[in-house]
2 protein chains.
Amino acid sequence: MSEPRANLPRPAPAPSVSIAAVARHANVSVATVSRVLNGQQVVKPATRDAVMAAVQTLGYRVNEMARNLRTAESRLLLVLVPDVGNPFYAEIMRGIDSVARQHGYLVVLCDTGADVEREHTWFDLLRRRRADGAICLDPDTVQHALAHDNAHLAWVACAEFDPAMAVPYVGIDNRLAARDAVQHLLERGHRRIGLINTDETWLYARQRKQGWHDALTEAGITPRADWCINTHSLDYAAGNAAMTQLLALAAPPTAVFAVSDTLAIGALAGARSLGKRIPHDVAVVGFDDIALAAQTDPPLTTVAQPMRQLGETAVQLLLDLLADRGRPPAHVLLPHRLALRASA
Amino acid sequence: MSEPRANLPRPAPAPSVSIAAVARHANVSVATVSRVLNGQQVVKPATRDAVMAAVQTLGYRVNEMARNLRTAESRLLLVLVPDVGNPFYAEIMRGIDSVARQHGYLVVLCDTGADVEREHTWFDLLRRRRADGAICLDPDTVQHALAHDNAHLAWVACAEFDPAMAVPYVGIDNRLAARDAVQHLLERGHRRIGLINTDETWLYARQRKQGWHDALTEAGITPRADWCINTHSLDYAAGNAAMTQLLALAAPPTAVFAVSDTLAIGALAGARSLGKRIPHDVAVVGFDDIALAAQTDPPLTTVAQPMRQLGETAVQLLLDLLADRGRPPAHVLLPHRLALRASA
DNA sequence: TTGAAAGCGCTAACAC
DNA sequence: GTGTTAGCGCTTTCAA
């Protein structure tokens, strides 16, 4: 919908020097000024210098809004993030931001709360030409709900994606990564290995659970249902509660794999408050390798995701798409690695 | 400088429905369509409905770039943040974002690294009409360096500010808040109270040190120079190292006040790795009250800043300024409180 | 190598 | 109430 917008107060415009003023001052046409400003080589050096001098003395700055209207692009990219406060996303943002800026794009951080409705309102900015493209980090289920209405818009999926959708994406092999993490625990001699998983509306949650399952069954262990807890959020408190629940079991796990570092760090706190020592009483492996992971007590063993590179690649995919709308969607899987520390 | 921009590849434009098409389809003028779209009440209901129907069937969306060129505003706000990864700023961002969106503004998160040069390039976006205003969270010393060149631009300071500058700001009374924190420690019987401070290019660092000093001298204690450590960053590792250094003193502090929660959490880790129990061997008080503070072991006693409200107020100040460039700069101080937990 | 002029899609002043 | 029209400041043919 194109709703009538609320009657917002209008700010007063700032005083401005237009391209026409520069042209007048330099005794050339606006076309010539434009050519100089855009670095076109056809302009005679002397003319060029005169224009630059005028720009200098007048303190002229291009009005990018006008330029963008003319070129039909906003040079704005949207990043749709389910939870801005999560450090995992913060690092991806950094990757996105650096590459986007190199290409002359500005990035708007959009908090979606993993909610389809809010996603829709953000996508509407694309329709209104407010932004050129979007990078979506929301659950694959949310993306799926979006796909139909937004097929013609320029967007890519990052970290989380639905492989069946005709949208470019970049991520890691979550199933394999989770399997690696659990195998590490198995190698340390653990047989009862718990899983702190999150909401399975996330593809990564389903895939990492699979990886946990893979590793256990390959080791001849039958995963028990009560070894697996699903939290409703990724915050520290949720990890804390999940660990408490796991340790209350008659035969509690001797090791726990959490699908996110924030959950794992909460789990550490939960175990400690029950007087457990880590990794002696219970070992913990996390996922992501956020900065805090190296600072916990003990430092957290975790699956390192190439977060920065994830973000960088996502922008690249988006720019490729913008440059050629017709191209078949590219799918990129980046390598992960296990960051071994003291918690497991 | 208005540099010739790099020759960036141009994305292909998306297919589009203009306001003229809607007008044609509804048998009215573009002006009428514009009126309906902007919610002006003068339009006859029947006409309005016809327009809306045309909008619906054509799938029209306003081109905000064109609108913004005409209204001479970009509806974009900049938030200049020294460190995007710091959870303190993440929460302020949330406050900013929510209020900005309510007023039809989009927010761009700008990572400055507390660097004057990078700040300058961001401010240039204001000059090029790419953004309408900015909220600056950088050190007062950086702001000070900026003030001269950017006096005519619309910007406000948040959390950190130079009271002597003619720029609107919102913050808290850092000196008083720090004094409260240290007084709490004194009430618990501590006499040797360390300070983990950060770089004193920050006004808040200087002010909080003052508060620490105030409380001690009021209690008849002479603050010792070696009780005070200045870190070069706010990350967990810096807090860890500072605590280690403090505890190596001949007569180590029995309590430590850290000027940021991230520092305090790192300090907790540092103390623990030396086998100290908290608060028994050394008590710790932080500053900010980020989400993680309630999840540490033990939970962190800290000075709670109204982060969300800080952000909300900053936007309000900025919008006020945008609405009336001439108004005298408003200065707002928000209340803090002590969040009592187990670490002190 | 440069200039004149036609828009980009919209809002708003003015006319009817 | 509604239509006509003149720009907003820029880029980009097309001519010269």
# chains A, B, ... in the order shown; residues from 1 in each chain; ligands from 1
call {"tool": "closest_atom_pairs", "arguments": {"of": "chain C", "to": "chain A", "cutoff": "12 Å", "atoms": "only C-alpha atoms (C1' of nucleotides)", "output": "CSV"}}
result
residue,atom,partner,partner_atom,distance
C:DT1,C1',A:Val43,CA,6.3
C:DT2,C1',A:Thr32,CA,7.0
C:DG3,C1',A:Ser29,CA,6.1
C:DA4,C1',A:Ser29,CA,8.9
C:DA5,C1',A:Ala31,CA,10.5
C:DG7,C1',A:Arg70,CA,8.8
C:DC8,C1',A:Arg70,CA,4.6
C:DG9,C1',A:Leu69,CA,8.1
C:DC10,C1',A:Leu69,CA,10.2
call {"tool": "calpha_fit_rmsd", "arguments": {"fixed": "chain B", "moving": "chain A"}}
result
0.2 Å
call {"tool": "closest_residue", "arguments": {"among": "B:Leu58, B:Val156, B:Ala205, B:Ala251", "to": "chain A", "atoms": "only C-alpha atoms"}}
result
B:Leu58
call {"tool": "interface_residues", "arguments": {"of": "chain D", "to": "chain A", "cutoff": "10 Å", "atoms": "only C-alpha atoms (C1' of nucleotides)", "output": "JSON, numbers by chain"}}
result
{"D": [8, 9, 10, 11, 12]}
call {"tool": "select_by_dssp", "arguments": {"residues": "segment 4-216 of chain A", "states": "strand (DSSP E)", "output": "list in words"}}
result
Leu76, Leu77, Leu78, Val79, Leu80, Val81, Leu106, Val107, Val108, Leu109, Cys110, Asp111, Gly133, Ala134, Ile135, Cys136, Trp155, Val156, Ala157, Cys158, Tyr169, Val170, Gly171, Ile172, Ile193, Gly194, Leu195, Ile196 and Asn197 of chain A
call {"tool": "atom_distance", "arguments": {"atom1": "atom CA of Ala159 of chain A", "atom2": "atom CA of Gln309 of chain A"}}
result
10.6 Å
